[in-house]
file entry_30.cif (mmCIF, C-alpha atoms (C1' of nucleotides) and all ligand atoms)
data_final
#
loop_
_atom_site.label_atom_id
_atom_site.label_comp_id
_atom_site.auth_asym_id
_atom_site.auth_seq_id
_atom_site.Cartn_x
_atom_site.Cartn_y
_atom_site.Cartn_z
CA MET A 1 -23.37 19.43 4.96
CA HIS A 2 -23.25 17.44 8.12
CA TYR A 3 -23.63 20.26 10.55
CA LEU A 4 -27.03 19.06 11.72
CA TYR A 5 -25.78 15.63 12.62
CA ILE A 6 -22.59 16.91 14.10
CA LYS A 7 -24.51 19.39 16.22
CA ALA A 8 -26.31 16.49 17.84
CA MET A 9 -23.19 14.55 18.73
CA GLU A 10 -20.96 17.56 19.08
CA GLU A 11 -20.71 17.25 22.86
CA LYS A 12 -19.54 13.69 22.58
CA VAL A 13 -16.94 14.52 19.97
CA ARG A 14 -15.68 17.48 22.00
CA HIS A 15 -15.30 15.19 24.97
CA LEU A 16 -13.39 12.55 22.99
CA LEU A 17 -11.00 15.15 21.66
CA SER A 18 -10.20 16.89 24.95
CA GLN A 19 -9.87 13.52 26.61
CA LYS A 20 -6.98 12.85 24.24
CA ASP A 21 -5.44 16.32 24.61
CA LEU A 22 -6.49 17.35 21.15
CA LYS A 23 -7.74 20.89 20.76
CA VAL A 24 -11.32 21.13 19.60
CA THR A 25 -11.29 22.62 16.11
CA ARG A 26 -13.71 22.90 13.24
CA VAL A 27 -11.83 20.32 11.18
CA ARG A 28 -11.53 17.79 13.96
CA LEU A 29 -15.21 18.08 14.85
CA LEU A 30 -16.15 17.44 11.25
CA VAL A 31 -13.80 14.50 10.68
CA LEU A 32 -14.30 12.73 13.98
CA GLY A 33 -18.05 13.23 13.75
CA LEU A 34 -18.04 11.70 10.30
CA LEU A 35 -15.88 8.75 11.36
CA LEU A 36 -18.16 8.11 14.31
CA GLN A 37 -21.30 7.99 12.25
CA ASN A 38 -19.79 5.70 9.63
CA ARG A 39 -19.70 2.04 10.42
CA ALA A 40 -17.13 1.22 7.76
CA ALA A 41 -13.57 2.50 7.76
CA MET A 42 -12.97 5.51 5.52
CA SER A 43 -10.16 6.69 3.26
CA HIS A 44 -8.70 10.17 3.01
CA ALA A 45 -10.29 10.55 -0.41
CA GLU A 46 -13.69 9.41 0.82
CA ILE A 47 -13.69 11.75 3.80
CA SER A 48 -12.42 14.57 1.66
CA SER A 49 -15.16 14.18 -0.92
CA ILE A 50 -17.93 13.84 1.65
CA ILE A 51 -16.92 16.86 3.68
CA GLY A 52 -16.06 18.75 0.53
CA GLU A 53 -12.61 19.59 -0.78
CA ASP A 54 -13.27 23.27 -0.24
CA ASN A 55 -14.05 22.71 3.41
CA ILE A 56 -10.84 20.93 4.41
CA ASP A 57 -7.34 21.29 3.09
CA LYS A 58 -5.90 17.92 2.09
CA VAL A 59 -2.78 18.39 4.20
CA THR A 60 -4.84 19.27 7.24
CA LEU A 61 -6.90 16.16 6.73
CA TYR A 62 -3.78 13.98 6.55
CA ARG A 63 -2.51 15.57 9.74
CA THR A 64 -5.87 15.27 11.43
CA LEU A 65 -6.13 11.57 10.69
CA ASN A 66 -2.57 10.98 11.83
CA ALA A 67 -3.27 12.85 15.05
CA PHE A 68 -6.28 10.62 15.72
CA VAL A 69 -4.15 7.54 15.18
CA GLU A 70 -1.25 8.80 17.29
CA LYS A 71 -3.55 9.64 20.17
CA GLY A 72 -5.24 6.26 19.98
CA LEU A 73 -8.60 7.68 18.94
CA ALA A 74 -8.55 5.78 15.68
CA HIS A 75 -6.51 3.21 13.80
CA LYS A 76 -5.69 2.75 10.16
CA VAL A 77 -5.94 -0.33 8.00
CA ALA A 78 -3.88 -0.79 4.87
CA THR A 79 -5.99 -2.28 2.09
CA GLU A 80 -4.89 -4.79 -0.49
CA ASP A 81 -4.56 -2.02 -3.05
CA ARG A 82 -2.47 -0.03 -0.62
CA ASN A 83 -4.91 2.59 0.44
CA TRP A 84 -5.30 3.62 4.06
CA LEU A 85 -8.67 3.37 5.74
CA TYR A 86 -9.37 4.99 9.10
CA ALA A 87 -11.76 3.81 11.78
CA VAL A 88 -12.38 5.19 15.27
CA TYR A 89 -12.06 3.03 18.33
CA GLU A 90 -15.56 3.30 19.65
CA GLU A 91 -17.68 1.04 21.78
CA ASN A 92 -20.99 2.02 20.20
CA HIS A 93 -19.99 0.44 16.94
CA GLU A 94 -20.17 -3.29 17.33
CA THR A 95 -16.45 -2.98 16.78
CA HIS A 96 -13.91 -2.80 19.54
CA THR A 97 -11.66 -0.71 21.64
CA SER A 98 -8.83 -3.18 21.90
CA GLU A 99 -6.43 -4.69 19.42
CA ASP A 100 -8.42 -7.91 19.43
CA HIS A 101 -10.38 -7.46 16.28
CA ALA A 102 -10.48 -8.63 12.73
CA HIS A 103 -11.22 -6.71 9.58
CA PHE A 104 -14.05 -7.65 7.31
CA VAL A 105 -13.59 -6.78 3.65
CA CYS A 106 -16.72 -6.77 1.49
CA ASP A 107 -16.06 -8.46 -1.86
CA GLU A 108 -18.78 -6.37 -3.43
CA CYS A 109 -18.41 -2.77 -2.23
CA GLU A 110 -14.86 -3.22 -0.89
CA LYS A 111 -15.70 -1.47 2.36
CA ILE A 112 -13.85 -2.56 5.48
CA TYR A 113 -15.55 -3.11 8.82
CA CYS A 114 -13.94 -3.73 12.18
CA PHE A 115 -15.01 -6.95 13.79
CA PRO A 116 -14.48 -8.53 17.20
CA VAL A 117 -12.83 -11.94 17.19
CA ASP A 118 -12.35 -14.64 19.79
CA GLN A 119 -8.59 -14.52 20.16
CA THR A 120 -8.12 -17.54 22.37
CA SER A 121 -10.01 -19.95 20.17
CA PHE A 122 -8.05 -18.61 17.27
CA GLU A 123 -4.73 -19.38 18.86
CA ILE A 124 -5.21 -23.10 18.67
CA THR A 125 -5.75 -23.05 14.94
CA THR A 126 -2.28 -21.83 14.08
CA GLN A 127 0.36 -24.06 15.53
CA LYS A 128 4.02 -23.19 15.68
CA LYS A 129 6.11 -23.97 12.62
CA GLN A 130 9.76 -24.88 12.80
CA GLY A 131 11.77 -21.86 13.91
CA PHE A 132 8.94 -19.35 13.74
CA LYS A 133 7.74 -17.88 17.01
CA ILE A 134 4.19 -16.60 16.70
CA ARG A 135 3.35 -13.69 18.98
CA SER A 136 0.08 -12.38 17.61
CA ARG A 137 -2.46 -13.00 14.90
CA GLU A 138 -4.30 -10.75 12.55
CA VAL A 139 -7.41 -11.83 10.70
CA ARG A 140 -8.97 -10.53 7.57
CA LEU A 141 -12.39 -11.85 6.62
CA HIS A 142 -13.74 -11.59 3.09
CA GLY A 143 -17.38 -11.85 2.12
CA LEU A 144 -20.51 -9.77 1.82
CA CYS A 145 -21.43 -6.90 4.11
CA PRO A 146 -25.01 -6.45 5.39
CA ILE A 147 -25.77 -3.94 2.64
CA CYS A 148 -24.51 -6.11 -0.22
CA ASN A 149 -25.68 -9.40 1.27
CA MET B 1 26.38 -11.21 -9.39
CA HIS B 2 24.10 -14.19 -9.22
CA TYR B 3 25.03 -15.75 -12.49
CA LEU B 4 26.61 -18.77 -10.86
CA TYR B 5 23.53 -19.64 -8.88
CA ILE B 6 21.20 -18.87 -11.69
CA LYS B 7 23.22 -21.03 -14.05
CA ALA B 8 22.51 -23.99 -11.83
CA MET B 9 18.75 -23.51 -11.72
CA GLU B 10 18.47 -21.92 -15.11
CA GLU B 11 16.76 -24.92 -16.67
CA LYS B 12 14.10 -24.91 -14.00
CA VAL B 13 13.45 -21.20 -14.36
CA ARG B 14 13.28 -21.49 -18.17
CA HIS B 15 10.72 -24.23 -17.77
CA LEU B 16 8.59 -22.22 -15.34
CA LEU B 17 8.59 -19.26 -17.69
CA SER B 18 7.69 -21.10 -20.89
CA GLN B 19 5.08 -23.07 -19.00
CA LYS B 20 3.34 -19.76 -18.36
CA ASP B 21 3.80 -18.42 -21.88
CA LEU B 22 6.41 -15.93 -20.80
CA LYS B 23 9.39 -15.45 -23.09
CA VAL B 24 12.68 -16.37 -21.56
CA THR B 25 14.71 -13.19 -21.19
CA ARG B 26 17.77 -12.08 -19.27
CA VAL B 27 15.71 -9.99 -16.85
CA ARG B 28 13.14 -12.68 -16.15
CA LEU B 29 15.81 -15.29 -15.54
CA LEU B 30 17.51 -13.00 -13.04
CA VAL B 31 14.36 -11.98 -11.19
CA LEU B 32 12.62 -15.34 -11.05
CA GLY B 33 15.87 -17.02 -10.06
CA LEU B 34 16.29 -14.56 -7.23
CA LEU B 35 12.71 -14.95 -6.03
CA LEU B 36 13.08 -18.72 -6.08
CA GLN B 37 16.19 -18.72 -3.95
CA ASN B 38 14.73 -16.31 -1.39
CA ARG B 39 12.49 -17.75 1.25
CA ALA B 40 11.02 -14.39 2.22
CA ALA B 41 8.93 -12.21 -0.06
CA MET B 42 10.84 -9.38 -1.71
CA SER B 43 10.08 -5.78 -2.62
CA HIS B 44 10.86 -4.01 -5.87
CA ALA B 45 13.51 -1.96 -4.07
CA GLU B 46 15.10 -5.02 -2.53
CA ILE B 47 15.27 -6.92 -5.80
CA SER B 48 16.53 -3.86 -7.58
CA SER B 49 19.35 -3.30 -5.14
CA ILE B 50 20.42 -6.94 -5.06
CA ILE B 51 20.50 -7.37 -8.81
CA GLY B 52 21.95 -3.89 -9.22
CA GLU B 53 20.18 -0.82 -10.51
CA ASP B 54 22.44 -0.76 -13.54
CA ASN B 55 21.46 -4.27 -14.48
CA ILE B 56 17.69 -3.80 -14.60
CA ASP B 57 15.63 -0.78 -15.51
CA LYS B 58 13.10 0.02 -12.78
CA VAL B 59 10.18 0.06 -15.22
CA THR B 60 11.17 -3.31 -16.62
CA LEU B 61 11.30 -4.70 -13.11
CA TYR B 62 7.81 -3.40 -12.34
CA ARG B 63 6.53 -4.97 -15.54
CA THR B 64 8.36 -8.20 -14.88
CA LEU B 65 6.88 -8.57 -11.42
CA ASN B 66 3.40 -7.73 -12.69
CA ALA B 67 3.77 -10.32 -15.43
CA PHE B 68 4.70 -12.97 -12.88
CA VAL B 69 1.62 -12.11 -10.83
CA GLU B 70 -0.72 -12.01 -13.83
CA LYS B 71 0.48 -15.38 -15.03
CA GLY B 72 0.10 -16.90 -11.58
CA LEU B 73 3.81 -17.52 -11.14
CA ALA B 74 3.94 -15.26 -8.09
CA HIS B 75 1.69 -13.25 -5.82
CA LYS B 76 2.09 -9.94 -4.08
CA VAL B 77 1.44 -9.03 -0.49
CA ALA B 78 0.71 -5.48 0.63
CA THR B 79 2.56 -4.69 3.84
CA GLU B 80 1.29 -2.58 6.71
CA ASP B 81 3.38 0.32 5.48
CA ARG B 82 1.95 -0.10 2.03
CA ASN B 83 4.84 -1.63 0.23
CA TRP B 84 4.42 -4.56 -2.13
CA LEU B 85 6.31 -7.77 -1.55
CA TYR B 86 6.49 -10.51 -4.17
CA ALA B 87 6.78 -14.23 -3.60
CA VAL B 88 6.74 -17.08 -6.09
CA TYR B 89 4.28 -19.92 -5.84
CA GLU B 90 6.66 -22.78 -5.47
CA GLU B 91 6.34 -26.18 -3.91
CA ASN B 92 9.98 -26.44 -2.81
CA HIS B 93 9.54 -23.64 -0.35
CA GLU B 94 7.55 -24.90 2.58
CA THR B 95 5.09 -22.35 1.32
CA HIS B 96 2.23 -23.18 -0.98
CA THR B 97 0.82 -23.23 -4.43
CA SER B 98 -2.75 -22.53 -3.47
CA GLU B 99 -4.51 -19.60 -1.90
CA ASP B 100 -4.65 -21.41 1.43
CA HIS B 101 -1.78 -19.79 3.15
CA ALA B 102 -1.03 -17.20 5.79
CA HIS B 103 1.65 -14.57 5.89
CA PHE B 104 4.15 -14.42 8.66
CA VAL B 105 5.54 -10.98 9.45
CA CYS B 106 8.73 -10.87 11.50
CA ASP B 107 8.52 -8.16 14.19
CA GLU B 108 12.29 -7.82 14.13
CA CYS B 109 13.44 -7.80 10.49
CA GLU B 110 9.97 -7.13 9.03
CA LYS B 111 10.40 -9.82 6.40
CA ILE B 112 7.29 -11.65 5.25
CA TYR B 113 7.15 -15.41 4.76
CA CYS B 114 4.39 -17.45 3.19
CA PHE B 115 2.99 -20.08 5.47
CA PRO B 116 0.53 -22.94 5.07
CA VAL B 117 -2.52 -22.83 7.33
CA ASP B 118 -5.19 -25.34 8.27
CA GLN B 119 -8.18 -23.68 6.72
CA THR B 120 -10.90 -25.93 8.05
CA SER B 121 -9.89 -25.64 11.69
CA PHE B 122 -9.72 -21.92 11.21
CA GLU B 123 -13.27 -21.69 10.00
CA ILE B 124 -14.78 -22.64 13.31
CA THR B 125 -13.04 -19.80 15.14
CA THR B 126 -14.82 -17.06 13.28
CA GLN B 127 -18.55 -17.39 13.56
CA LYS B 128 -20.99 -15.43 11.44
CA LYS B 129 -21.96 -12.00 12.69
CA GLN B 130 -25.35 -10.48 12.04
CA GLY B 131 -25.68 -9.67 8.35
CA PHE B 132 -22.11 -10.43 7.37
CA LYS B 133 -21.55 -13.39 5.11
CA ILE B 134 -18.01 -14.70 5.46
CA ARG B 135 -16.62 -16.36 2.35
CA SER B 136 -12.91 -16.63 3.04
CA ARG B 137 -10.32 -15.85 5.65
CA GLU B 138 -6.89 -14.37 5.51
CA VAL B 139 -4.36 -14.70 8.28
CA ARG B 140 -1.38 -12.63 9.17
CA LEU B 141 0.91 -13.94 11.86
CA HIS B 142 3.34 -11.70 13.72
CA GLY B 143 6.37 -12.89 15.63
CA LEU B 144 10.00 -13.82 15.15
CA CYS B 145 11.40 -15.53 12.07
CA PRO B 146 13.96 -18.35 12.36
CA ILE B 147 16.81 -15.92 11.82
CA CYS B 148 15.72 -13.42 14.45
CA ASN B 149 14.40 -16.01 16.88
"C1'" DA C 1 20.19 -20.72 -40.42
"C1'" DC C 2 17.41 -16.82 -41.64
"C1'" DA C 3 13.47 -13.58 -41.68
"C1'" DA C 4 9.11 -11.95 -40.16
"C1'" DA C 5 6.05 -11.29 -36.52
"C1'" DT C 6 5.48 -10.27 -31.98
"C1'" DA C 7 6.78 -9.32 -27.30
"C1'" DA C 8 10.10 -7.28 -24.02
"C1'" DT C 9 13.19 -3.65 -22.90
"C1'" DG C 10 15.03 0.95 -21.65
"C1'" DC C 11 14.69 5.69 -21.53
"C1'" DA C 12 12.31 10.08 -20.71
"C1'" DA C 13 8.45 12.27 -19.37
"C1'" DC C 14 4.61 12.18 -16.56
"C1'" DT C 15 1.27 11.33 -12.45
"C1'" DG C 16 -0.52 11.84 -8.01
"C1'" DA C 17 -0.67 10.49 -3.16
"C1'" DG C 18 1.57 11.95 0.58
"C1'" DT C 19 5.16 15.19 2.86
"C1'" DT C 20 7.63 19.47 4.33
"C1'" DG C 21 8.29 24.36 5.49
"C1'" DC C 22 6.43 28.35 6.87
"C1'" DA C 23 3.51 32.23 7.74
"C1'" DA C 24 -1.22 33.24 9.28
"C1'" DT C 25 -4.86 31.83 12.34
"C1'" DT C 26 -7.03 29.87 16.34
"C1'" DA C 27 -7.83 27.45 20.87
"C1'" DG C 28 -7.45 27.40 25.65
"C1'" DG C 29 -5.49 28.63 29.92
"C1'" DA C 30 -3.74 32.50 32.94
"C1'" DT D 1 -8.70 39.93 27.56
"C1'" DC D 2 -4.00 38.51 26.40
"C1'" DC D 3 -0.31 35.20 25.58
"C1'" DT D 4 1.57 31.10 23.93
"C1'" DA D 5 1.58 26.99 21.71
"C1'" DA D 6 -0.96 24.23 18.59
"C1'" DT D 7 -3.44 24.03 14.31
"C1'" DT D 8 -4.38 25.40 9.76
"C1'" DG D 9 -3.78 26.41 4.76
"C1'" DC D 10 -1.02 27.21 0.94
"C1'" DA D 11 2.87 26.32 -2.17
"C1'" DA D 12 6.55 23.66 -3.21
"C1'" DC D 13 8.45 19.33 -3.13
"C1'" DT D 14 9.27 13.97 -3.19
"C1'" DC D 15 9.32 9.76 -5.07
"C1'" DA D 16 7.06 5.27 -6.11
"C1'" DG D 17 4.75 3.82 -9.82
"C1'" DT D 18 2.86 4.60 -14.74
"C1'" DT D 19 2.68 5.74 -19.75
"C1'" DG D 20 4.35 6.28 -24.53
"C1'" DC D 21 7.40 5.11 -27.79
"C1'" DA D 22 11.45 3.86 -30.28
"C1'" DT D 23 14.83 0.07 -29.98
"C1'" DT D 24 16.04 -4.63 -29.21
"C1'" DA D 25 15.45 -9.49 -28.36
"C1'" DT D 26 12.75 -13.90 -28.62
"C1'" DT D 27 10.03 -17.16 -30.99
"C1'" DT D 28 8.16 -19.54 -34.82
"C1'" DG D 29 7.94 -21.01 -39.48
"C1'" DT D 30 10.40 -21.78 -43.64
MN MN E 201 -10.18 -2.16 12.90
MN MN E 202 2.04 -15.68 0.27
ZN ZN E 203 -20.61 -4.36 0.74
ZN ZN E 204 13.25 -11.74 11.22
#
call {"tool": "encode", "arguments": {"input": "entry_30.cif", "output": "structure tokens", "more": "lines below"}}
Ligand SMILES: [Mn+2]
Ligand SMILES: [Mn+2]
Ligand SMILES: [Zn+2]
Ligand SMILES: [Zn+2]
result
Amino acid sequence: MHYLYIKAMEEKVRHLLSQKDLKVTRVRLLVLGLLLQNRAAMSHAEISSIIGEDNIDKVTLYRTLNAFVEKGLAHKVATEDRNWLYAVYEENHETHTSEDHAHFVCDECEKIYCFPVDQTSFEITTQKKQGFKIRSREVRLHGLCPICN
Amino acid sequence: MHYLYIKAMEEKVRHLLSQKDLKVTRVRLLVLGLLLQNRAAMSHAEISSIIGEDNIDKVTLYRTLNAFVEKGLAHKVATEDRNWLYAVYEENHETHTSEDHAHFVCDECEKIYCFPVDQTSFEITTQKKQGFKIRSREVRLHGLCPICN
DNA sequence: ACAAATAATGCAACTGAGTTGCAATTAGGA
DNA sequence: TCCTAATTGCAACTCAGTTGCATTATTTGT
């Protein structure tokens, strides 16, 4: 399993959890560690199969992921085929911590990556339309990820 | 019910259906007529409740909507809460016929509207990132719709 | 206008991701 | 170490969406 890896970053994960008032548990260490080491966002099914269905109850995993989202440790992205993918907010990833990011969807492997985006330059591209008041923008980029490219 | 309205645009709907090799049936006339008169995209539940659950079987409605999508008469948008909304491709709506459009999500009523977008000016805002090859962009705008504004 | 061929419909049964309730276990502070 | 509240795991449940199939409606050719 991933105990070796998790051992190495365990301190960091422990810190992230306590920082958000989440008790440090076996399940949370496993899941957050896994999310941190994965660059692409992950689904419940994916996480479940990697960690092993015998090692985490499915309900606990749902609740764990929700807890991460509620505490602002992670966020979830709804895919086109209505799956949920989870990604941690983490500065090491070339991702983000803020809301100002786009999602990159690989046409080949269908993985989703978080992506920073220049919000201000984006604003000018979408002008107001009659009656509609635009408050914020959300971008989804499609193409090929580094692995499939 | 909507028979009055549908009677008026019935010819148009019939034409759209046959054009796409779809047989003209009571259910399809009702559903396509309703989609055409609604500016915002609609969910299965919404359509079902407007037309009346006694008037259309839920399975038939699922199959009807799928048929519209497969034949290119309509497209579906997955919402953030993982519902599917359906909207016809229709030039009367200030919407679109092509793929070059954004979706506007009202923060207040949560309705989704199709929206044309200037694709070329958008391209310059998102520059390539190391390894990622961007092929297309998808925009989601959040704000207030004309009704809620 | 009629009949045959083919597609659409409606119903019942099923599927499976996600939820709820609750009792047993565990983390963390006193 | 002990206490309390949070977390976990299991079983039961929910409900949107699917599947199979017998019935019905549409289209096309005569
Ligand atoms: Mn993201
Ligand atoms: Mn649209
Ligand atoms: Zn890829
Ligand atoms: Zn609105």
call {"tool": "residues_near_ligand", "arguments": {"input": "entry_30.cif", "ligand": "ligand ZN 203 (chain E)", "cutoff": "12 Å", "atoms": "only C-alpha atoms (C1' of nucleotides) and all ligand atoms", "output": "list in words"}}
result
Arg39, Ala40, Phe104, Val105, Cys106, Asp107, Glu108, Cys109, Glu110, Lys111, Ile112, Tyr113, His142, Gly143, Leu144, Cys145, Pro146, Ile147, Cys148 and Asn149 of chain A; Gly131, Phe132, Lys133 and Ile134 of chain B
call {"tool": "closest_atom_pairs", "arguments": {"input": "entry_30.cif", "of": "chain A", "to": "ligand MN 201 (chain E)", "cutoff": "7 Å", "atoms": "all atoms listed in the file", "output": "CSV"}}
result
residue,atom,partner,partner_atom,distance
A:His75,CA,E:MN201,MN,6.6
A:Val77,CA,E:MN201,MN,6.7
A:Ala87,CA,E:MN201,MN,6.3
A:His101,CA,E:MN201,MN,6.3
A:Ala102,CA,E:MN201,MN,6.5
A:His103,CA,E:MN201,MN,5.7
A:Tyr113,CA,E:MN201,MN,6.8
A:Cys114,CA,E:MN201,MN,4.1
A:Phe115,CA,E:MN201,MN,6.9
call {"tool": "atom_distance", "arguments": {"input": "entry_30.cif", "atom1": "atom CA of B:Tyr86", "atom2": "atom CA of A:Glu138"}}
result
19.9 Å
call {"tool": "residues_around", "arguments": {"input": "entry_30.cif", "residues": "D:DA25", "least_positions_apart": "4", "cutoff": "9 Å", "atoms": "only C-alpha atoms (C1' of nucleotides)", "output": "PyMOL selection string"}}
result
(chain B and resi 25) or (chain C and resi 7-9)
call {"tool": "write_last_selection", "arguments": {"input": "entry_30.cif", "atoms": "C-alpha atoms (C1' of nucleotides)", "output": "tab-separated table (two decimals), in the frame of the given file"}}
result
chain	number	residue	atom	x	y	z
B	25	THR	CA	14.71	-13.19	-21.19
C	7	DA	C1'	6.78	-9.32	-27.30
C	8	DA	C1'	10.10	-7.28	-24.02
C	9	DT	C1'	13.19	-3.65	-22.90
call {"tool": "interface_residues", "arguments": {"input": "entry_30.cif", "of": "chain D", "to": "chain A", "cutoff": "8 Å", "atoms": "all atoms listed in the file", "output": "PDB file with C-alpha atoms (C1' of nucleotides), in the frame of the given file"}}
result
ATOM      1  C1'  DA D   6      -0.960  24.230  18.590  1.00  0.00           C
ATOM      2  C1'  DT D   8      -4.380  25.400   9.760  1.00  0.00           C
ATOM      3  C1'  DG D   9      -3.780  26.410   4.760  1.00  0.00           C
TER       4       DG D   9
END
call {"tool": "atom_distance", "arguments": {"input": "entry_30.cif", "atom1": "atom CA of B:Leu34", "atom2": "atom CA of B:Ser49"}}
result
11.9 Å
call {"tool": "interface_residues", "arguments": {"input": "entry_30.cif", "of": "chain C", "to": "chain A", "cutoff": "12 Å", "atoms": "all atoms listed in the file", "output": "list in words"}}
result
DA17, DG18, DT19, DT20, DT25, DT26, DA27 and DG28 of chain C
call {"tool": "residues_near_point", "arguments": {"input": "entry_30.cif", "point": "(-0.2, -18.4, -13.6)", "cutoff": "10 Å", "atoms": "all atoms listed in the file", "output": "list in words"}}
result
Leu16, Leu17, Gln19, Lys20, Asp21, Ala67, Phe68, Val69, Glu70, Lys71, Gly72, Leu73, Ala74, His75 and Tyr89 of chain B
call {"tool": "closest_residue", "arguments": {"input": "entry_30.cif", "among": "A:Val13, A:Ala78, A:Leu85, A:Leu35", "to": "chain B", "atoms": "only C-alpha atoms"}}
result
A:Ala78
call {"tool": "atom_distance", "arguments": {"input": "entry_30.cif", "atom1": "atom CA of B:Arg137", "atom2": "atom CA of A:Leu141"}}
result
4.6 Å
call {"tool": "decode", "arguments": {"input": "entry_30.cif", "residues": "stretch 62-74 of chain A", "atoms": "N, CA and C atoms", "output": "PDB file, in the first residue's frame"}}
result
ATOM      1  N   TYR A  62     -16.945   8.737   1.541  1.00  0.00           N
ATOM      2  CA  TYR A  62     -17.826   9.854   1.169  1.00  0.00           C
ATOM      3  C   TYR A  62     -17.749  10.952   2.217  1.00  0.00           C
ATOM      4  N   ARG A  63     -17.854  10.545   3.482  1.00  0.00           N
ATOM      5  CA  ARG A  63     -17.864  11.543   4.549  1.00  0.00           C
ATOM      6  C   ARG A  63     -16.517  12.233   4.681  1.00  0.00           C
ATOM      7  N   THR A  64     -15.464  11.496   4.461  1.00  0.00           N
ATOM      8  CA  THR A  64     -14.123  12.069   4.525  1.00  0.00           C
ATOM      9  C   THR A  64     -13.947  13.147   3.454  1.00  0.00           C
ATOM     10  N   LEU A  65     -14.329  12.808   2.241  1.00  0.00           N
ATOM     11  CA  LEU A  65     -14.191  13.759   1.145  1.00  0.00           C
ATOM     12  C   LEU A  65     -15.054  14.989   1.386  1.00  0.00           C
ATOM     13  N   ASN A  66     -16.267  14.782   1.857  1.00  0.00           N
ATOM     14  CA  ASN A  66     -17.125  15.924   2.161  1.00  0.00           C
ATOM     15  C   ASN A  66     -16.519  16.812   3.242  1.00  0.00           C
ATOM     16  N   ALA A  67     -15.931  16.169   4.243  1.00  0.00           N
ATOM     17  CA  ALA A  67     -15.301  16.937   5.326  1.00  0.00           C
ATOM     18  C   ALA A  67     -14.182  17.808   4.775  1.00  0.00           C
ATOM     19  N   PHE A  68     -13.370  17.233   3.891  1.00  0.00           N
ATOM     20  CA  PHE A  68     -12.281  18.005   3.280  1.00  0.00           C
ATOM     21  C   PHE A  68     -12.833  19.219   2.539  1.00  0.00           C
ATOM     22  N   VAL A  69     -13.911  19.008   1.810  1.00  0.00           N
ATOM     23  CA  VAL A  69     -14.503  20.102   1.046  1.00  0.00           C
ATOM     24  C   VAL A  69     -15.084  21.157   1.986  1.00  0.00           C
ATOM     25  N   GLU A  70     -15.825  20.704   2.993  1.00  0.00           N
ATOM     26  CA  GLU A  70     -16.447  21.651   3.924  1.00  0.00           C
ATOM     27  C   GLU A  70     -15.411  22.501   4.660  1.00  0.00           C
ATOM     28  N   LYS A  71     -14.294  21.893   4.986  1.00  0.00           N
ATOM     29  CA  LYS A  71     -13.265  22.618   5.720  1.00  0.00           C
ATOM     30  C   LYS A  71     -12.360  23.429   4.799  1.00  0.00           C
ATOM     31  N   GLY A  72     -12.595  23.352   3.509  1.00  0.00           N
ATOM     32  CA  GLY A  72     -11.798  24.130   2.581  1.00  0.00           C
ATOM     33  C   GLY A  72     -10.427  23.532   2.294  1.00  0.00           C
ATOM     34  N   LEU A  73     -10.260  22.258   2.625  1.00  0.00           N
ATOM     35  CA  LEU A  73      -9.001  21.578   2.317  1.00  0.00           C
ATOM     36  C   LEU A  73      -8.965  21.160   0.859  1.00  0.00           C
ATOM     37  N   ALA A  74     -10.139  20.841   0.331  1.00  0.00           N
ATOM     38  CA  ALA A  74     -10.226  20.380  -1.051  1.00  0.00           C
ATOM     39  C   ALA A  74     -11.469  20.975  -1.701  1.00  0.00           C
TER      40      ALA A  74
END
